[in-house]
>>> print(open('input.cif').read())   # mmCIF, C-alpha atoms and all ligand atoms
data_input
loop_
_atom_site.label_atom_id
_atom_site.label_comp_id
_atom_site.auth_asym_id
_atom_site.auth_seq_id
_atom_site.Cartn_x
_atom_site.Cartn_y
_atom_site.Cartn_z
CA MET A 1 33.17 7.60 11.86
CA THR A 2 33.33 9.20 8.42
CA ALA A 3 31.44 12.46 7.83
CA ASN A 4 30.27 13.25 4.31
CA LYS A 5 29.61 16.51 2.48
CA GLY A 6 26.21 18.08 2.87
CA PHE A 7 23.04 17.16 1.00
CA ASP A 8 19.81 19.08 0.58
CA ALA A 9 17.92 15.91 1.50
CA VAL A 10 18.70 12.39 2.67
CA VAL A 11 16.00 9.85 1.78
CA VAL A 12 16.01 6.68 3.90
CA GLY A 13 14.64 3.64 2.04
CA ALA A 14 14.41 2.92 -1.68
CA GLY A 15 10.87 1.52 -1.98
CA PRO A 16 8.23 3.34 -4.05
CA ALA A 17 8.00 6.22 -1.50
CA GLY A 18 11.75 6.85 -1.27
CA SER A 19 12.51 6.54 -4.97
CA SER A 20 9.60 8.83 -5.82
CA ALA A 21 10.80 11.48 -3.34
CA ALA A 22 14.41 11.22 -4.56
CA PHE A 23 13.33 11.35 -8.21
CA HIS A 24 11.18 14.46 -7.78
CA LEU A 25 13.83 16.27 -5.71
CA ALA A 26 16.71 15.38 -8.01
CA LYS A 27 14.73 16.35 -11.10
CA ALA A 28 14.25 19.81 -9.57
CA GLY A 29 18.02 20.12 -9.08
CA LYS A 30 18.32 19.26 -5.37
CA LYS A 31 21.31 17.37 -4.05
CA VAL A 32 19.77 14.13 -2.78
CA LEU A 33 21.16 10.99 -1.21
CA ILE A 34 19.04 7.83 -1.10
CA ILE A 35 20.21 5.12 1.30
CA GLU A 36 18.92 1.55 1.18
CA LYS A 37 19.73 -1.16 3.73
CA ASP A 38 19.59 -4.07 1.29
CA ARG A 39 22.42 -4.73 -1.12
CA GLU A 40 19.96 -4.51 -3.99
CA VAL A 41 16.66 -2.62 -4.34
CA GLY A 42 13.51 -4.75 -4.55
CA ARG A 43 15.20 -7.71 -2.88
CA ASN A 44 12.88 -8.13 0.09
CA VAL A 45 9.57 -6.83 -1.14
CA LEU A 46 6.53 -7.98 0.85
CA CYS A 47 3.58 -7.48 -1.45
CA ALA A 48 0.78 -9.01 -3.54
CA GLU A 49 1.90 -6.55 -6.26
CA GLY A 50 -1.49 -5.27 -7.45
CA ILE A 51 -1.92 -1.70 -8.74
CA SER A 52 -4.87 0.17 -10.26
CA ARG A 53 -5.01 1.36 -13.85
CA LYS A 54 -5.03 4.96 -12.56
CA PHE A 55 -1.68 4.48 -10.81
CA TYR A 56 -0.25 2.62 -13.82
CA GLU A 57 -1.17 5.61 -15.99
CA MET A 58 0.43 8.01 -13.52
CA VAL A 59 3.80 6.17 -13.42
CA LYS A 60 3.80 4.70 -16.97
CA PRO A 61 6.25 1.92 -16.09
CA GLU A 62 8.16 0.72 -19.15
CA LYS A 63 8.93 -2.56 -17.36
CA GLY A 64 7.90 -4.54 -14.27
CA ILE A 65 4.37 -5.58 -15.32
CA ALA A 66 3.60 -9.30 -14.86
CA SER A 67 -0.06 -9.39 -15.90
CA GLU A 68 -3.07 -7.29 -16.93
CA ILE A 69 -6.27 -7.76 -14.94
CA ARG A 70 -9.56 -7.74 -16.83
CA LYS A 71 -11.72 -9.93 -14.59
CA ILE A 72 -12.60 -9.74 -10.90
CA ARG A 73 -14.10 -12.74 -9.16
CA ILE A 74 -15.85 -12.15 -5.82
CA LYS A 75 -16.40 -14.98 -3.36
CA VAL A 76 -18.18 -14.40 -0.04
CA GLU A 77 -18.46 -17.29 2.41
CA ASP A 78 -19.54 -20.31 0.36
CA GLU A 79 -22.71 -18.54 -0.74
CA ILE A 80 -21.60 -15.94 -3.28
CA ASP A 81 -19.41 -16.44 -6.32
CA PHE A 82 -19.56 -14.12 -9.30
CA GLN A 83 -17.37 -12.35 -11.79
CA VAL A 84 -17.27 -8.99 -13.54
CA TYR A 85 -15.01 -7.93 -16.38
CA SER A 86 -13.73 -4.88 -18.17
CA THR A 87 -12.45 -4.43 -21.73
CA LYS A 88 -9.75 -2.04 -20.45
CA PRO A 89 -7.61 -3.53 -17.65
CA PHE A 90 -8.89 -2.79 -14.11
CA GLY A 91 -5.30 -2.93 -12.98
CA TYR A 92 -2.00 -4.77 -13.18
CA ILE A 93 0.07 -7.20 -11.17
CA LEU A 94 3.64 -6.01 -10.90
CA GLU A 95 6.95 -7.78 -10.80
CA ARG A 96 7.95 -5.51 -7.92
CA LYS A 97 11.56 -6.52 -7.97
CA ILE A 98 11.74 -4.92 -11.43
CA PHE A 99 9.23 -2.11 -10.78
CA ASP A 100 10.97 -0.89 -7.59
CA ARG A 101 14.29 -0.96 -9.38
CA LEU A 102 12.81 1.05 -12.26
CA LEU A 103 11.69 3.82 -9.86
CA TYR A 104 15.10 3.76 -8.22
CA GLU A 105 16.87 3.95 -11.59
CA ARG A 106 14.71 6.94 -12.53
CA ALA A 107 15.81 8.72 -9.31
CA VAL A 108 19.48 7.96 -9.95
CA GLU A 109 19.24 8.97 -13.61
CA SER A 110 17.79 12.30 -12.50
CA GLY A 111 20.82 12.95 -10.31
CA ALA A 112 20.16 11.32 -6.91
CA THR A 113 23.18 9.70 -5.23
CA PRO A 114 22.50 6.03 -4.35
CA ILE A 115 24.06 3.98 -1.56
CA VAL A 116 22.96 0.38 -1.17
CA GLY A 117 23.84 -1.79 1.82
CA ALA A 118 23.66 1.25 4.16
CA ARG A 119 21.34 0.81 7.14
CA PHE A 120 20.00 3.93 8.83
CA VAL A 121 20.68 3.74 12.57
CA ASP A 122 20.23 7.23 13.98
CA LEU A 123 19.86 10.94 13.35
CA LYS A 124 20.96 14.01 15.30
CA SER A 125 19.78 17.61 14.98
CA THR A 126 22.32 20.29 14.12
CA ASN A 127 21.96 24.09 13.91
CA ASP A 128 20.92 23.98 10.29
CA GLY A 129 19.65 20.43 9.73
CA TYR A 130 20.63 16.88 10.63
CA ARG A 131 23.38 14.34 10.73
CA VAL A 132 22.05 11.00 9.45
CA ILE A 133 24.02 8.00 10.71
CA ALA A 134 24.11 4.73 8.81
CA LEU A 135 25.95 1.47 9.14
CA TYR A 136 27.85 0.82 5.91
CA LYS A 137 30.29 -2.07 5.36
CA GLY A 138 30.67 -2.53 9.12
CA ARG A 139 31.40 1.15 9.84
CA GLU A 140 29.27 4.08 10.95
CA VAL A 141 29.06 6.81 8.33
CA GLU A 142 27.45 10.22 8.72
CA PHE A 143 25.63 12.34 6.18
CA VAL A 144 24.98 16.03 6.73
CA THR A 145 21.65 17.25 5.37
CA GLU A 146 19.04 19.96 5.63
CA TRP A 147 16.03 17.63 5.23
CA VAL A 148 15.34 13.97 6.02
CA ILE A 149 12.66 11.84 4.38
CA GLY A 150 11.68 8.64 6.19
CA ALA A 151 10.65 6.15 3.50
CA ASP A 152 11.83 3.11 5.42
CA GLY A 153 8.63 1.10 5.55
CA PRO A 154 6.26 -0.02 8.32
CA ALA A 155 8.84 -0.33 11.11
CA SER A 156 10.29 3.10 10.34
CA GLY A 157 13.55 3.71 12.23
CA VAL A 158 13.44 7.36 11.15
CA GLY A 159 10.00 7.79 12.77
CA LEU A 160 11.22 6.06 15.91
CA LYS A 161 14.52 7.93 16.27
CA ALA A 162 12.91 11.29 15.48
CA GLY A 163 10.25 10.67 18.13
CA PHE A 164 7.17 10.84 15.92
CA GLN A 165 3.97 10.41 17.90
CA ASN A 166 1.66 8.21 15.93
CA GLU A 167 -1.01 6.99 18.27
CA PHE A 168 -1.33 3.27 17.98
CA GLU A 169 -5.08 3.04 18.54
CA ARG A 170 -5.69 5.12 15.43
CA GLU A 171 -3.92 2.60 13.26
CA VAL A 172 -5.60 -0.03 11.19
CA VAL A 173 -3.22 -2.90 10.72
CA HIS A 174 -3.57 -5.84 8.38
CA TYR A 175 -1.45 -8.84 9.41
CA CYS A 176 -0.81 -10.70 6.18
CA SER A 177 0.42 -14.12 5.18
CA GLN A 178 1.04 -14.96 1.53
CA VAL A 179 2.34 -17.75 -0.65
CA PHE A 180 3.45 -17.84 -4.25
CA LEU A 181 1.28 -20.66 -5.55
CA PHE A 182 1.10 -22.86 -8.60
CA HIS A 183 -2.37 -24.15 -9.38
CA PRO A 184 -3.58 -25.05 -12.88
CA GLU A 185 -6.90 -23.18 -12.41
CA ILE A 186 -5.24 -19.79 -11.81
CA GLN A 187 -6.03 -17.50 -14.74
CA ALA A 188 -3.57 -14.79 -15.71
CA ASP A 189 -6.24 -12.07 -16.21
CA THR A 190 -8.44 -12.76 -13.15
CA ILE A 191 -8.03 -11.59 -9.58
CA VAL A 192 -10.06 -13.21 -6.82
CA PHE A 193 -11.25 -11.52 -3.61
CA PHE A 194 -12.62 -13.76 -0.88
CA TYR A 195 -14.30 -12.83 2.38
CA SER A 196 -15.61 -14.95 5.24
CA HIS A 197 -16.39 -14.06 8.86
CA GLU A 198 -14.60 -17.23 9.93
CA LEU A 199 -11.37 -17.02 7.88
CA THR A 200 -10.79 -13.33 7.15
CA PRO A 201 -12.11 -11.24 10.07
CA GLY A 202 -11.14 -7.59 9.52
CA GLY A 203 -9.48 -8.45 6.20
CA TYR A 204 -9.85 -10.60 3.09
CA ALA A 205 -8.06 -13.22 1.01
CA TRP A 206 -6.71 -12.58 -2.48
CA VAL A 207 -5.43 -14.38 -5.56
CA PHE A 208 -3.33 -12.01 -7.65
CA PRO A 209 -2.05 -13.86 -10.76
CA LYS A 210 1.45 -13.29 -12.11
CA SER A 211 0.84 -15.55 -15.11
CA THR A 212 -1.34 -18.54 -16.03
CA GLY A 213 -1.08 -21.05 -13.16
CA PHE A 214 0.99 -18.81 -10.84
CA ALA A 215 -0.27 -16.27 -8.29
CA ASN A 216 0.36 -14.43 -5.05
CA VAL A 217 -2.27 -15.99 -2.80
CA GLY A 218 -2.61 -14.36 0.58
CA LEU A 219 -4.83 -13.49 3.47
CA GLY A 220 -4.97 -10.53 5.84
CA VAL A 221 -6.68 -10.24 9.21
CA ASN A 222 -6.69 -7.58 11.92
CA SER A 223 -5.68 -9.84 14.82
CA SER A 224 -2.26 -11.52 14.47
CA TRP A 225 0.21 -13.18 12.11
CA GLU A 226 -0.59 -16.53 13.66
CA ASP A 227 -4.25 -16.14 12.67
CA ALA A 228 -3.24 -14.95 9.20
CA GLU A 229 -1.02 -18.02 8.68
CA ASN A 230 -3.47 -20.56 10.11
CA ASN A 231 -6.38 -19.09 8.16
CA LEU A 232 -4.37 -18.95 4.93
CA ASN A 233 -3.58 -22.66 5.34
CA ALA A 234 -7.29 -23.39 5.89
CA PHE A 235 -8.17 -21.27 2.82
CA LEU A 236 -5.61 -23.10 0.64
CA ASN A 237 -6.74 -26.53 1.88
CA ARG A 238 -10.35 -25.66 1.13
CA TYR A 239 -10.01 -23.98 -2.28
CA TYR A 240 -6.61 -24.97 -3.71
CA PRO A 241 -5.90 -28.38 -2.11
CA GLU A 242 -3.58 -29.55 -4.86
CA GLY A 243 -1.76 -26.20 -5.15
CA LYS A 244 2.04 -26.17 -4.91
CA ILE A 245 3.78 -23.54 -2.77
CA LEU A 246 6.89 -22.01 -4.33
CA GLY A 247 7.51 -19.29 -1.73
CA TYR A 248 5.97 -17.60 1.29
CA LEU A 249 6.11 -14.36 3.25
CA ARG A 250 4.45 -12.50 6.06
CA GLY A 251 4.09 -8.77 6.40
CA VAL A 252 2.08 -5.96 7.84
CA VAL A 253 0.15 -3.18 6.12
CA PRO A 254 -0.23 -0.11 8.35
CA SER A 255 -3.02 2.43 7.79
CA GLY A 256 -4.47 5.23 9.89
CA GLY A 257 -1.55 7.63 9.51
CA ILE A 258 -3.32 10.29 7.48
CA ASP A 259 -4.55 11.90 10.70
CA GLY A 260 -1.29 11.20 12.55
CA GLN A 261 1.99 13.11 12.66
CA LEU A 262 3.61 13.27 9.21
CA VAL A 263 6.23 15.93 9.79
CA LYS A 264 8.51 17.10 12.55
CA ASN A 265 10.69 20.17 11.85
CA ARG A 266 12.47 19.15 8.62
CA ILE A 267 11.80 15.40 8.85
CA LEU A 268 8.96 14.02 6.70
CA LEU A 269 7.51 10.51 6.82
CA THR A 270 6.18 8.93 3.63
CA GLY A 271 4.48 5.70 2.48
CA ASP A 272 4.28 2.84 4.97
CA ALA A 273 6.60 4.74 7.35
CA ALA A 274 3.72 7.23 7.63
CA LYS A 275 1.06 4.44 7.68
CA LEU A 276 -0.61 5.67 4.51
CA ALA A 277 -1.89 2.40 2.99
CA ASP A 278 -5.56 2.28 2.04
CA PRO A 279 -7.58 1.18 5.11
CA MET A 280 -9.94 -1.10 3.15
CA SER A 281 -7.79 -2.72 0.46
CA GLY A 282 -4.44 -2.48 2.25
CA GLY A 283 -2.93 -1.23 -1.03
CA GLY A 284 0.00 1.05 -0.26
CA ILE A 285 2.16 1.33 -3.39
CA ALA A 286 0.27 4.26 -4.96
CA ASN A 287 -0.03 6.25 -1.74
CA ALA A 288 3.67 5.63 -1.05
CA TYR A 289 4.63 6.97 -4.47
CA ILE A 290 2.29 9.98 -4.23
CA SER A 291 3.42 10.84 -0.68
CA GLY A 292 7.08 10.76 -1.84
CA ASP A 293 6.18 13.22 -4.59
CA LEU A 294 4.32 15.51 -2.14
CA ALA A 295 7.17 15.40 0.40
CA ALA A 296 9.52 16.53 -2.37
CA LEU A 297 7.12 19.33 -3.30
CA ALA A 298 6.98 20.59 0.30
CA ILE A 299 10.80 20.63 0.41
CA LEU A 300 11.00 22.45 -2.91
CA ASN A 301 8.67 25.07 -1.41
CA ASN A 302 10.83 25.15 1.70
CA ASP A 303 7.68 24.67 3.82
CA PRO A 304 7.32 21.44 5.83
CA ARG A 305 3.80 22.43 6.94
CA LEU A 306 2.64 22.13 3.33
CA TYR A 307 3.21 18.38 3.41
CA PRO A 308 0.37 17.22 5.71
CA ARG A 309 -1.96 19.70 4.01
CA MET A 310 -1.14 18.34 0.56
CA ILE A 311 -1.48 14.75 1.79
CA LYS A 312 -4.98 15.50 3.08
CA LYS A 313 -5.92 17.34 -0.10
CA ASN A 314 -4.64 14.63 -2.46
CA LEU A 315 -5.32 11.42 -0.54
CA GLY A 316 -7.83 12.46 2.14
CA ARG A 317 -11.12 11.97 0.35
CA ASP A 318 -10.49 8.42 -0.95
CA TYR A 319 -8.82 7.50 2.31
CA HIS A 320 -11.81 8.54 4.43
CA ILE A 321 -14.28 6.89 2.06
CA SER A 322 -12.27 3.65 2.27
CA SER A 323 -12.14 3.96 6.01
CA THR A 324 -15.93 4.41 6.17
CA ILE A 325 -16.53 1.47 3.83
CA ARG A 326 -14.25 -0.60 6.02
CA LYS A 327 -16.15 0.25 9.20
CA ILE A 328 -19.51 -0.53 7.59
CA PHE A 329 -18.33 -3.71 5.86
CA TYR A 330 -16.84 -5.32 8.95
CA SER A 331 -19.75 -4.36 11.18
CA MET A 332 -22.38 -5.99 8.94
CA SER A 333 -24.07 -9.15 10.13
CA HIS A 334 -23.81 -12.28 8.02
CA ASP A 335 -27.38 -11.79 6.74
CA GLU A 336 -26.85 -8.13 5.81
CA LEU A 337 -23.63 -8.94 3.97
CA ILE A 338 -25.05 -11.89 2.07
CA GLY A 339 -28.20 -9.88 1.25
CA ILE A 340 -26.19 -7.11 -0.40
CA PHE A 341 -23.83 -9.48 -2.19
CA LYS A 342 -26.77 -11.56 -3.50
CA ASP A 343 -28.15 -8.36 -5.08
CA LEU A 344 -24.73 -7.68 -6.60
CA GLU A 345 -24.38 -11.24 -7.86
CA ARG A 346 -27.84 -11.15 -9.44
CA SER A 347 -27.25 -7.84 -11.22
CA LEU A 348 -23.58 -7.98 -12.06
CA ASN A 349 -22.53 -11.56 -12.74
CA GLY A 350 -20.80 -11.51 -16.11
CA ALA A 351 -21.27 -7.73 -16.50
CA ASN A 352 -18.81 -5.35 -18.10
CA ILE A 353 -17.99 -2.62 -15.58
CA GLY A 354 -15.49 0.12 -16.33
CA GLU A 355 -13.67 1.36 -13.28
CA ILE A 356 -13.18 0.05 -9.74
CA ASP A 357 -12.20 2.36 -6.93
CA ALA A 358 -13.79 3.23 -3.60
CA VAL A 359 -16.30 5.72 -5.03
CA SER A 360 -17.30 3.72 -8.11
CA ALA A 361 -17.73 0.58 -5.97
CA LEU A 362 -20.02 2.48 -3.58
CA LYS A 363 -22.01 3.89 -6.50
CA LEU A 364 -22.40 0.42 -7.93
CA VAL A 365 -23.58 -1.11 -4.66
CA ALA A 366 -26.02 1.75 -4.01
CA LYS A 367 -27.47 1.39 -7.51
CA VAL A 368 -27.84 -2.36 -7.39
CA SER A 369 -28.77 -2.98 -3.77
CA PRO A 370 -31.28 -0.75 -1.97
CA LYS A 371 -30.38 -2.77 1.15
CA LEU A 372 -27.28 -0.54 1.45
CA ALA A 373 -29.44 2.39 2.58
CA VAL A 374 -30.87 0.29 5.42
CA VAL A 375 -27.39 -0.84 6.48
CA LEU A 376 -26.12 2.75 6.43
CA ALA A 377 -29.04 4.00 8.48
CA ASN A 378 -28.56 1.16 11.01
CA PHE A 379 -24.84 1.73 11.18
CA GLY A 380 -24.39 5.48 11.27
CA GLY A 381 -27.86 7.02 11.11
CA LYS A 382 -28.91 9.88 8.87
CA ALA A 383 -25.55 11.69 8.94
CA LEU A 384 -23.65 8.74 7.46
CA TYR A 385 -26.40 8.10 4.94
CA GLU A 386 -26.17 11.71 3.79
CA PHE A 387 -22.35 11.64 3.65
CA ILE A 388 -22.44 8.57 1.40
CA ARG A 389 -25.23 10.04 -0.71
CA ASP A 390 -23.11 13.18 -1.28
CA VAL A 391 -20.07 11.10 -2.22
CA ILE A 392 -21.92 9.01 -4.77
CA SER A 393 -24.20 11.67 -6.23
C1 LIG B 401 1.42 -9.27 2.14
C2 LIG B 401 1.31 -7.88 1.59
C3 LIG B 401 0.62 -7.68 0.40
C4 LIG B 401 0.52 -6.39 -0.13
N1 LIG B 401 -0.09 -6.23 -1.35
C5 LIG B 401 -0.20 -5.00 -1.89
C6 LIG B 401 -0.78 -4.82 -3.19
O1 LIG B 401 -1.20 -5.77 -3.84
N2 LIG B 401 -0.87 -3.56 -3.67
C7 LIG B 401 -0.42 -2.47 -2.99
O2 LIG B 401 -0.54 -1.33 -3.48
N3 LIG B 401 0.18 -2.61 -1.78
C8 LIG B 401 0.31 -3.84 -1.22
N4 LIG B 401 0.95 -4.00 -0.02
C9 LIG B 401 1.50 -2.80 0.65
C10 LIG B 401 2.77 -2.34 -0.06
O3 LIG B 401 3.68 -3.39 -0.17
C11 LIG B 401 3.41 -1.18 0.73
O4 LIG B 401 2.39 -0.25 1.09
C12 LIG B 401 4.48 -0.44 -0.09
O5 LIG B 401 5.58 -1.28 -0.36
C13 LIG B 401 4.97 0.78 0.68
O6 LIG B 401 6.07 1.37 0.03
P1 LIG B 401 7.19 2.17 0.87
O7 LIG B 401 8.13 2.70 -0.12
O8 LIG B 401 6.52 3.07 1.83
O9 LIG B 401 7.87 1.05 1.77
P2 LIG B 401 8.67 -0.26 1.36
O10 LIG B 401 8.24 -0.77 0.04
O11 LIG B 401 8.58 -1.16 2.55
O12 LIG B 401 10.17 0.24 1.20
C14 LIG B 401 10.94 0.60 2.32
C15 LIG B 401 12.40 0.49 1.94
O13 LIG B 401 13.19 0.97 3.02
C16 LIG B 401 14.26 0.08 3.25
N5 LIG B 401 14.67 0.21 4.65
C17 LIG B 401 14.02 -0.22 5.76
N6 LIG B 401 14.69 0.08 6.87
C18 LIG B 401 15.82 0.73 6.47
C19 LIG B 401 16.95 1.27 7.17
N7 LIG B 401 17.05 1.20 8.50
N8 LIG B 401 17.93 1.86 6.44
C20 LIG B 401 17.86 1.94 5.07
N9 LIG B 401 16.82 1.41 4.37
C21 LIG B 401 15.81 0.82 5.05
C22 LIG B 401 13.69 -1.29 2.91
O14 LIG B 401 14.70 -2.24 2.63
C23 LIG B 401 12.84 -0.95 1.68
O15 LIG B 401 13.58 -1.01 0.48
C24 LIG B 401 1.08 -5.28 0.55
C25 LIG B 401 1.76 -5.48 1.76
C26 LIG B 401 1.87 -6.76 2.27
C27 LIG B 401 2.61 -6.96 3.56
#
>>> encode(input="input.cif", output="C-alpha cells", more="lines below")
Ligand SMILES: Cc1cc2nc3c(=O)[nH]c(=O)nc-3n(C[C@H](O)[C@H](O)[C@H](O)COP(=O)(O)OP(=O)(O)OC[C@H]3O[C@@H](n4cnc5c(N)ncnc54)[C@H](O)[C@@H]3O)c2cc1C
Amino acid sequence: MTANKGFDAVVVGAGPAGSSAAFHLAKAGKKVLIIEKDREVGRNVLCAEGISRKFYEMVKPEKGIASEIRKIRIKVEDEIDFQVYSTKPFGYILERKIFDRLLYERAVESGATPIVGARFVDLKSTNDGYRVIALYKGREVEFVTEWVIGADGPASGVGLKAGFQNEFEREVVHYCSQVFLFHPEIQADTIVFFYSHELTPGGYAWVFPKSTGFANVGLGVNSSWEDAENNLNAFLNRYYPEGKILGYLRGVVPSGGIDGQLVKNRILLTGDAAKLADPMSGGGIANAYISGDLAALAILNNDPRLYPRMIKKNLGRDYHISSTIRKIFYSMSHDELIGIFKDLERSLNGANIGEIDAVSALKLVAKVSPKLAVVLANFGGKALYEFIRDVIS
C-alpha cells in the first residue's frame, strides 16, 4: 500500500456535490483531493437532466445546456391535458456529461487535485483525521486527511464505512426507469409531466427534451424498479407507440435525509449520499451542489456542527414544503385530484406564468382552486391549513 502526503480534505465522488465542495474549498486555499471511481467524470450519470432557472443563474454554466424550457404540459390520467408557458425559461435540460465535467474542471482550475479511476473502499480514523483508502490501478492507495466529504451518490460507501445512521423508514425513494427516446412529436422547449394512479403511484412520468424529437422519457414510482420498468413500457406503448429507444437506464433518487445524520466527527455527507433530493420532484442536482458548498463552508469555519444547521437553514423550508405537497398529493382520491386539476386546466391552459417552484405552485393552486382548502382540511386539519396559508401568504 502506498501512503500519500496529507490533505486538508478528501472529497469522494466527482458529481455535482463533490465538485462543488472541492471547488469551494480549493478556492479558499485548502489542499483538496477529489477521487472519482470512473475513468472519466460524467460517464455514468443517471438523470433526466432538468434544472430550474434559479439554479442555472446560481451556477452560470458556460456549457452543458441542451435545451431551454418555456412550456410545461400537464397530463393527469386521461382526463387532464393542458399547457402553460413563460417568456423567460422555466428551466433547462442539461447535457450532464458536459455539465458535470465543467464543475469538475472548475474545482481543478481552482487548485483541487483530481484522481480518476480511484474507487473509495474504506476509511480509518487517526489521531488527527483519517486515512482514506482507494483502489487505484489494481493497488490500494492511502490518503491522509483532516476532513472527508462523502459525495459518492445514493449507495454511499463513505456513509456505510463511517457508520452513518440514516433510518430507512424516513427515506422517500423514487425507483426510476428512463429511456432516451426519439419521437417526432417531442418539442425542444416543452417538458411533460404525467400522473396516473395506475402507472405512477408515488411518483410521476416525465418527458424532458434534449432537442426537437429527442428526450429523456422516464417514470418513477415508490415501490420497485420492476414496477418502474413495466409501467414505463406501458406509458410508452400508450403515448409514444412509434417512439424509438436509443438508450435506457435505471436509478434511484433518495430523499428524506435532511432530518437524518449528515455529519460524524469530521466526515460530512453531501448530495445523494446524504439523501437530499427534493421529495416531490426527485430533483437532486441543485441540492447536491448547494450541500457541497455548505460542507466546504463548515470546514472553512472548522466547525462540523455548522453543516446540518446550514443545510436546514438553506434547504429546509422548500424541502418541508415539497414533502408536505407530496404527502397531500399522493393521498388525494381520484375525484379530489381531478377536481383540482380541472380547475387548473380551466384557468391556466395557455397562460403565461412566471416562476415554478414549490411555493409558487402552491400559491397558484390555492388561487385557482378553492377545492385545495377542503383537501387540506380533510388531510391535515386546521394546523396544516394554517401552515400552508402562512407559506403562501
Ligand atoms: C432517473 C433519474 C432521473 C433524475 N432526474 C433528475 C433531474 O431531472 N433533475 C435533477 O435535479 N435531479 C435528477 N435526478 C437526481 C440527480 O441525478 C442526483 O440527485 C444528482 O446526480 C446527485 O448528485 P451527487 O453529486 O450527490 O451524486 P452523483 O451525481 O451520483 O455523483 C456521485 C459520484 O461519485 C462517484 N462514486 C461513487 N462511488 C464511488 C467510490 N466508491 N469511489 C469514488 N467515486 C465514487 C460516482 O461515479 C459519481 O461520479 C435524477 C435521478 C435519476 C435516477
>>> closest_residue(input="input.cif", among="A:Phe182, A:Phe82, A:Phe214, A:Phe55", to="Arg346 of chain A", atoms="only C-alpha atoms")
A:Phe82
>>> residues_around(input="input.cif", residues="segment 23-37 of chain A", least_positions_apart="5", cutoff="6 Å", atoms="only C-alpha atoms", output="list in words")
Phe7, Asp8, Ala9, Val10, Val11, Val12, Gly13, Ala14, Ala107, Ser110, Gly111, Ala112, Thr113, Pro114, Ile115, Val116, Gly117, Ala118, Arg119 and Ala296 of chain A
>>> residues_around(input="input.cif", residues="segment 298-311 of chain A", least_positions_apart="5", cutoff="12 Å", atoms="only C-alpha atoms", output="JSON, numbers by chain")
{"A": [8, 9, 10, 21, 22, 24, 25, 26, 27, 28, 29, 30, 31, 32, 146, 147, 148, 149, 257, 258, 259, 260, 261, 262, 263, 264, 265, 266, 267, 268, 269, 270, 271, 274, 276, 287, 288, 289, 290, 291, 292, 293, 316, 317, 318, 319]}
>>> atom_distance(input="input.cif", atom1="atom C15 of ligand LIG 401 (chain B)", atom2="atom CA of Gly159 of chain A")
13.3 Å
>>> closest_residue(input="input.cif", among="A:Ala361, A:Met280, A:Ala162, A:Leu236", to="Arg326 of chain A", atoms="only C-alpha atoms")
A:Met280
>>> residues_around(input="input.cif", residues="segment 173-177 of chain A", least_positions_apart="5", cutoff="12 Å", atoms="all atoms listed in the file", output="NGL selection string")
:A and (46-48 or 154 or 168 or 200-206 or 216-233 or 235-236 or 247-257 or 272 or 275-284)
>>> axis_aligned_box(input="input.cif", around="segment 229-234 of chain A", padding_each_side="4 Å", output="lines of an AutoDock Vina configuration file")
center_x = -4.2
center_y = -20.7
center_z = 7.5
size_x = 14.3
size_y = 13.4
size_z = 13.2
>>> atom_distance(input="input.cif", atom1="atom C25 of ligand LIG 401 (chain B)", atom2="atom CA of Gly153 of chain A")
10.2 Å
>>> residues_around(input="input.cif", residues="Gly243 of chain A", least_positions_apart="3", cutoff="10 Å", atoms="all atoms listed in the file", output="PyMOL selection string")
chain A and resi 180-186+213-214+236-237+239-240+246
>>> write_last_selection(input="input.cif", atoms="C-alpha atoms", output="JSON list (two decimals), in the coordinates of the input")
[["chain", "number", "residue", "atom", "x", "y", "z"],
["A", 180, "PHE", "CA", 3.45, -17.84, -4.25],
["A", 181, "LEU", "CA", 1.28, -20.66, -5.55],
["A", 182, "PHE", "CA", 1.10, -22.86, -8.60],
["A", 183, "HIS", "CA", -2.37, -24.15, -9.38],
["A", 184, "PRO", "CA", -3.58, -25.05, -12.88],
["A", 185, "GLU", "CA", -6.90, -23.18, -12.41],
["A", 186, "ILE", "CA", -5.24, -19.79, -11.81],
["A", 213, "GLY", "CA", -1.08, -21.05, -13.16],
["A", 214, "PHE", "CA", 0.99, -18.81, -10.84],
["A", 236, "LEU", "CA", -5.61, -23.10, 0.64],
["A", 237, "ASN", "CA", -6.74, -26.53, 1.88],
["A", 239, "TYR", "CA", -10.01, -23.98, -2.28],
["A", 240, "TYR", "CA", -6.61, -24.97, -3.71],
["A", 246, "LEU", "CA", 6.89, -22.01, -4.33]]
>>> residues_near_point(input="input.cif", point="(14.4, -0.7, 10.7)", cutoff="8 Å", atoms="all atoms listed in the file", output="PyMOL selection string")
chain A and resi 119-121+152-153+155-157
>>> closest_residue(input="input.cif", among="A:Val368, A:Ile74, A:Leu199, A:Val192", to="ligand LIG 401 (chain B)", atoms="all atoms listed in the file")
A:Val192
>>> atom_distance(input="input.cif", atom1="atom CA of Val375 of chain A", atom2="atom CA of Leu348 of chain A")
20.2 Å
>>> closest_residue(input="input.cif", among="A:Lys75, A:Lys97, A:Lys161, A:Arg139", to="Ser196 of chain A", atoms="only C-alpha atoms")
A:Lys75
>>> closest_residue(input="input.cif", among="A:Lys371, A:Arg73, A:Lys63, A:Lys210", to="ligand LIG 401 (chain B)", atoms="only C-alpha atoms and all ligand atoms")
A:Lys210
>>> closest_residue(input="input.cif", among="A:Ile72, A:Ala151, A:Leu294, A:Val108", to="ligand LIG 401 (chain B)", atoms="all atoms listed in the file")
A:Ala151
>>> residues_around(input="input.cif", residues="segment 84-88 of chain A", least_positions_apart="6", cutoff="6 Å", atoms="all atoms listed in the file", output="list in words")
Arg70, Lys71, Ile72, Asn349, Gly350, Ala351, Asn352, Ile353 and Gly354 of chain A
